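Report on one structure; see the data block that follows.
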Amino acid sequence: MRIPSKNGRPIHIRTLAVHGGQKPDPATGAIAPPIVTTSSYSYGNFDTGVDRFTGEKPGYLYSRFANPTVAVFEAKMAALEGGEAAVGFASGMAAISSTLLAMLSAGDEIISVGTVYGGTEGVIRSLLPRFGVRCVQLARLDELAAAMTPQTRVVYVETPANPILGIVDLEAASRIAHAGGAVVVADNTFATPCLTRPLSLGTDIVVHSATKFISGHGDATGGIAVGTAEAMQKVRQAGMLQLGSCLSPHDASLLIRGLKTMPLRVEAASLSGQKIAEYLNGHAAVGSVFYPGLPDHPGHDIAARQMTLFGGIVSFEMTGGRHAARAFLDKLKLVTQAVSVGDTDSLACHPATTTHSAVPPELRQKSGITDGLVRLSVGIEHADDLVSDIEQALQ
Ligand SMILES: Cc1ncc(COP(=O)(O)O)c(C=O)c1O
């Protein structure tokens, strides 16, 4: 993928992932950003302290507000997503809940479209209403225009969505939301900016669980929000100053390192994901296969427009239900049973009893999260080895 750069010449995402938002450390020349572990920063004298706290002069004050290592991660993500600014968080859920709390007040309304990660669903369905925010959960985008009211402030989408890979048309969602005076927040965790850049399609804020493809190695927890400088100022105020959901500089350092190889890993996982989805499609023990790269996936045409490849997550339904899903998962040898996605290692889980177990059963059924559903996060192992592991586990 090539994207427009500030000097007008398009730049490949691989190059941007290495160099974007980052220069050798001015103090030492270190190419890898130093891990700055201080909690507070000397401002030297009274007047400078006043100027920094009022925002008259830039400068670090306290690592809950901002930190130099975290700032490099934020600058890289802003460059990759094409936003003016970004705010790093301790986890994806910290990024999502802080962003929503920053954008919404009592009396406002949020509409989510399609399935979303179970934790996010919980924030929307049960946390926000406790603070007077009305929440509407829609299954499909074509219901959005009619559901909008003058109180709708946020339209929330996830694409591809966890766990059944639903696709939301980001341009259409943004058009409808903006016509009603709402902003669109898009969770881009599954696609990453390597495959989809939601801000370029009209959405206002992008959020991520950086724990997934951004880290890529299963060794860091983090989140990020990206958008305009004005929106990110609000998000930082709520998320950092008030809620204190700050990202540790140690994790930021791992996330920066992860970003450098993200385009290579995402491409490898996507190419294998396509092969695995094609292998599963039509297998006697498997019912529906949910993968946007399959031509019969309901979101395939939109995905082909807004994604460069179709990603590394494949979900599928075992025709034998929960019993068959359990037997399949317990027989996997190379693929590990665990709930994360986007790691170098392939991981598989049973969403109904793990990631989406807190979603009420009737809502789970309505969203297609059946008892036979298995979610596979394809790693960077060779596709042939993964297919042969899946093959033996299906027997
Ligand atoms: C799509 C999506 N968004 C957000 C999250 C939450 O991220 P975290 O676990 O980093 O809080 C997850 C976690 O699985 C996810 O899959």
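All residue names refer to the structure tokens as shown: chains lettered A, B, ... in order, residues numbered from 1 in each chain, ligands numbered from 1 in order.
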Would you write out, as CSV, a table of all residues in chain A that have an atom no more than 8 Å from an atom of ligand 1, listing for each the closest atom pair and the distance in Å to one decimal, considering only C-alpha atoms and all ligand atoms and ordering rows by chain and rising residue number?
```
residue,atom,partner,partner_atom_place_in_ligand_line,distance
A:Ala90,CA,ligand 1,10 (O),7.7
A:Ser91,CA,ligand 1,10 (O),4.0
A:Gly92,CA,ligand 1,7 (O),3.5
A:Met93,CA,ligand 1,11 (O),3.8
A:Ala94,CA,ligand 1,11 (O),6.4
A:Ala95,CA,ligand 1,11 (O),7.8
A:Ile96,CA,ligand 1,4 (C),7.3
A:Val116,CA,ligand 1,1 (C),6.8
A:Tyr117,CA,ligand 1,2 (C),5.0
A:Gly118,CA,ligand 1,12 (C),7.9
A:Gly119,CA,ligand 1,6 (C),6.5
A:Thr120,CA,ligand 1,4 (C),6.7
A:Glu158,CA,ligand 1,1 (C),6.7
A:Ala161,CA,ligand 1,1 (C),6.5
A:Asn162,CA,ligand 1,1 (C),5.4
A:Pro163,CA,ligand 1,16 (O),7.8
A:Asp187,CA,ligand 1,3 (N),6.2
A:Asn188,CA,ligand 1,1 (C),7.2
A:Thr189,CA,ligand 1,1 (C),5.1
A:Phe190,CA,ligand 1,1 (C),6.1
A:Val207,CA,ligand 1,3 (N),7.9
A:His208,CA,ligand 1,3 (N),6.1
A:Ser209,CA,ligand 1,7 (O),4.1
A:Ala210,CA,ligand 1,10 (O),6.0
A:Thr211,CA,ligand 1,10 (O),4.8
A:Lys212,CA,ligand 1,10 (O),7.1
A:Thr221,CA,ligand 1,10 (O),5.7
A:Gly222,CA,ligand 1,10 (O),5.4
A:Gly223,CA,ligand 1,10 (O),5.8
A:Val339,CA,ligand 1,14 (O),7.2
A:Ser340,CA,ligand 1,14 (O),5.8
A:Val341,CA,ligand 1,14 (O),7.0
A:Thr355,CA,ligand 1,14 (O),7.0
```
Output of the above residues as a PDB file, in the first residue's frame, restricted to C-alpha atoms:
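New file result35.pdb:
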```
ATOM      1  CA  ALA A  90      -2.464   0.934  28.692  1.00  0.00           C
ATOM      2  CA  SER A  91      -4.756  -1.376  26.658  1.00  0.00           C
ATOM      3  CA  GLY A  92      -7.216  -1.371  23.794  1.00  0.00           C
ATOM      4  CA  MET A  93     -10.116  -1.203  26.260  1.00  0.00           C
ATOM      5  CA  ALA A  94      -8.508   1.834  27.942  1.00  0.00           C
ATOM      6  CA  ALA A  95      -8.310   3.527  24.519  1.00  0.00           C
ATOM      7  CA  ILE A  96     -11.917   2.668  23.658  1.00  0.00           C
ATOM      8  CA  VAL A 116     -17.963  -5.490  18.209  1.00  0.00           C
ATOM      9  CA  TYR A 117     -15.428  -7.023  20.604  1.00  0.00           C
ATOM     10  CA  GLY A 118     -17.139  -8.336  23.783  1.00  0.00           C
ATOM     11  CA  GLY A 119     -15.388  -5.833  26.077  1.00  0.00           C
ATOM     12  CA  THR A 120     -16.483  -2.920  23.890  1.00  0.00           C
ATOM     13  CA  GLU A 158     -15.405  -2.282  14.084  1.00  0.00           C
ATOM     14  CA  ALA A 161     -15.464  -7.151  13.392  1.00  0.00           C
ATOM     15  CA  ASN A 162     -14.533  -9.552  16.156  1.00  0.00           C
ATOM     16  CA  PRO A 163     -15.318 -12.458  15.922  1.00  0.00           C
ATOM     17  CA  ASP A 187     -11.852   0.069  15.773  1.00  0.00           C
ATOM     18  CA  ASN A 188      -9.131  -0.832  13.252  1.00  0.00           C
ATOM     19  CA  THR A 189      -7.502  -3.597  15.320  1.00  0.00           C
ATOM     20  CA  PHE A 190      -8.167  -6.459  12.874  1.00  0.00           C
ATOM     21  CA  VAL A 207      -8.905   3.138  18.004  1.00  0.00           C
ATOM     22  CA  HIS A 208      -6.835  -0.023  18.333  1.00  0.00           C
ATOM     23  CA  SER A 209      -5.956  -2.764  20.690  1.00  0.00           C
ATOM     24  CA  ALA A 210      -2.190  -2.383  20.163  1.00  0.00           C
ATOM     25  CA  THR A 211      -1.858  -5.682  22.022  1.00  0.00           C
ATOM     26  CA  LYS A 212      -2.655  -7.437  18.725  1.00  0.00           C
ATOM     27  CA  THR A 221      -0.433  -4.681  26.203  1.00  0.00           C
ATOM     28  CA  GLY A 222      -1.472  -1.332  24.814  1.00  0.00           C
ATOM     29  CA  GLY A 223      -4.015   0.755  22.973  1.00  0.00           C
ATOM     30  CA  VAL A 339      -7.740 -15.541  23.115  1.00  0.00           C
ATOM     31  CA  SER A 340      -5.511 -12.884  21.594  1.00  0.00           C
ATOM     32  CA  VAL A 341      -5.013 -12.218  17.874  1.00  0.00           C
ATOM     33  CA  THR A 355     -13.950 -13.427  24.348  1.00  0.00           C
TER      34      THR A 355
END
```
- Message: So that I can check the surroundings of segment 164-168 of chain A, please list as a ChimeraX atom specification every protein, DNA and RNA residue that reaches within 8 Å of it, counting only C-alpha atoms and ignoring chain neighbours fewer than 6 positions away.
- Response: /A:113-115,141,157-158,290-292,299-300,302-303,313-315,368-369
Write the residues of the preceding selection, restricted to N, CA, C and O atoms, as a tab-separated table (two decimals), in the first residue's frame.
```
chain	number	residue	atom	x	y	z
A	113	VAL	N	-22.69	-0.25	15.21
A	113	VAL	CA	-23.18	-0.93	14.01
A	113	VAL	C	-22.42	-2.24	13.84
A	113	VAL	O	-21.19	-2.23	13.78
A	114	GLY	N	-23.14	-3.35	13.78
A	114	GLY	CA	-22.51	-4.66	13.60
A	114	GLY	C	-21.96	-5.19	14.92
A	114	GLY	O	-22.09	-4.56	15.96
A	115	THR	N	-21.31	-6.37	14.85
A	115	THR	CA	-20.75	-6.91	16.09
A	115	THR	C	-19.48	-6.15	16.43
A	115	THR	O	-18.80	-5.61	15.56
A	141	LEU	N	-25.70	-1.68	8.77
A	141	LEU	CA	-25.52	-0.27	8.45
A	141	LEU	C	-26.77	0.35	7.82
A	141	LEU	O	-27.03	1.55	8.01
A	157	VAL	N	-18.02	1.71	15.06
A	157	VAL	CA	-17.94	0.54	14.18
A	157	VAL	C	-16.61	-0.19	14.39
A	157	VAL	O	-15.63	0.40	14.85
A	158	GLU	N	-16.62	-1.47	14.03
A	158	GLU	CA	-15.41	-2.28	14.08
A	158	GLU	C	-15.38	-3.03	12.76
A	158	GLU	O	-16.37	-3.69	12.42
A	290	PHE	N	-16.22	-17.60	7.91
A	290	PHE	CA	-16.33	-16.14	7.90
A	290	PHE	C	-14.96	-15.55	7.59
A	290	PHE	O	-14.07	-15.53	8.47
A	291	TYR	N	-14.78	-15.12	6.37
A	291	TYR	CA	-13.51	-14.49	5.98
A	291	TYR	C	-13.82	-13.54	4.82
A	291	TYR	O	-14.35	-13.98	3.78
A	292	PRO	N	-13.51	-12.25	4.97
A	292	PRO	CA	-13.92	-11.28	3.94
A	292	PRO	C	-13.26	-11.51	2.58
A	292	PRO	O	-13.73	-10.97	1.57
A	299	GLY	N	-19.71	-9.21	3.06
A	299	GLY	CA	-19.01	-7.92	2.99
A	299	GLY	C	-17.86	-7.93	1.99
A	299	GLY	O	-17.05	-7.00	1.98
A	300	HIS	N	-17.79	-8.97	1.14
A	300	HIS	CA	-16.60	-9.12	0.29
A	300	HIS	C	-16.35	-7.91	-0.61
A	300	HIS	O	-15.23	-7.42	-0.72
A	302	ILE	N	-17.32	-4.78	-0.36
A	302	ILE	CA	-16.88	-3.57	0.39
A	302	ILE	C	-15.45	-3.79	0.88
A	302	ILE	O	-14.60	-2.89	0.78
A	303	ALA	N	-15.17	-4.99	1.39
A	303	ALA	CA	-13.81	-5.28	1.88
A	303	ALA	C	-12.80	-5.12	0.74
A	303	ALA	O	-11.72	-4.57	0.93
A	313	ILE	N	-7.40	-13.06	10.36
A	313	ILE	CA	-8.36	-13.73	11.26
A	313	ILE	C	-9.40	-14.47	10.42
A	313	ILE	O	-10.01	-13.88	9.52
A	314	VAL	N	-9.58	-15.74	10.74
A	314	VAL	CA	-10.57	-16.57	10.05
A	314	VAL	C	-11.46	-17.19	11.12
A	314	VAL	O	-10.94	-17.80	12.06
A	315	SER	N	-12.78	-17.03	10.99
A	315	SER	CA	-13.68	-17.71	11.93
A	315	SER	C	-14.52	-18.70	11.14
A	315	SER	O	-14.80	-18.50	9.95
A	368	GLY	N	-24.52	-14.09	15.52
A	368	GLY	CA	-23.86	-15.19	14.80
A	368	GLY	C	-22.74	-15.84	15.60
A	368	GLY	O	-21.97	-16.64	15.06
A	369	ILE	N	-22.64	-15.51	16.91
A	369	ILE	CA	-21.58	-16.11	17.73
A	369	ILE	C	-22.16	-17.39	18.34
A	369	ILE	O	-22.59	-17.44	19.49
```
- Task: Point out the residue among A:Arg375, A:His356, A:His297, A:Lys23 with the least atom-to-atom distance to Gln337 of chain A, counting only C-alpha atoms.
- Result: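 For Gln337 of chain A, the nearest of the candidates is A:Arg375.
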- Item | A:Arg130, A:Arg236, A:Arg9, A:His382 ranked by distance to Asp345 of chain A, top pick (using only C-alpha atoms) |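 So, comparing all the options, the nearest one is A:His382.
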- Query: Of the candidates A:Leu100, A:Leu329, A:Leu170, A:Met318, which one gets nearest to Leu373 of chain A if we count only C-alpha atoms?
  - Reply: A:Met318
- Task: Determine, counting only C-alpha atoms, which protein, DNA and RNA residues have an atom within 12 Å of an atom of Ser200 of chain A; residues of the same chain fewer than 2 positions away are not included. Present the result as a PyMOL selection string.
- Result: chain A and resi 3-4+80-83+170-171+174+186+193+196-198+202-206+227+306
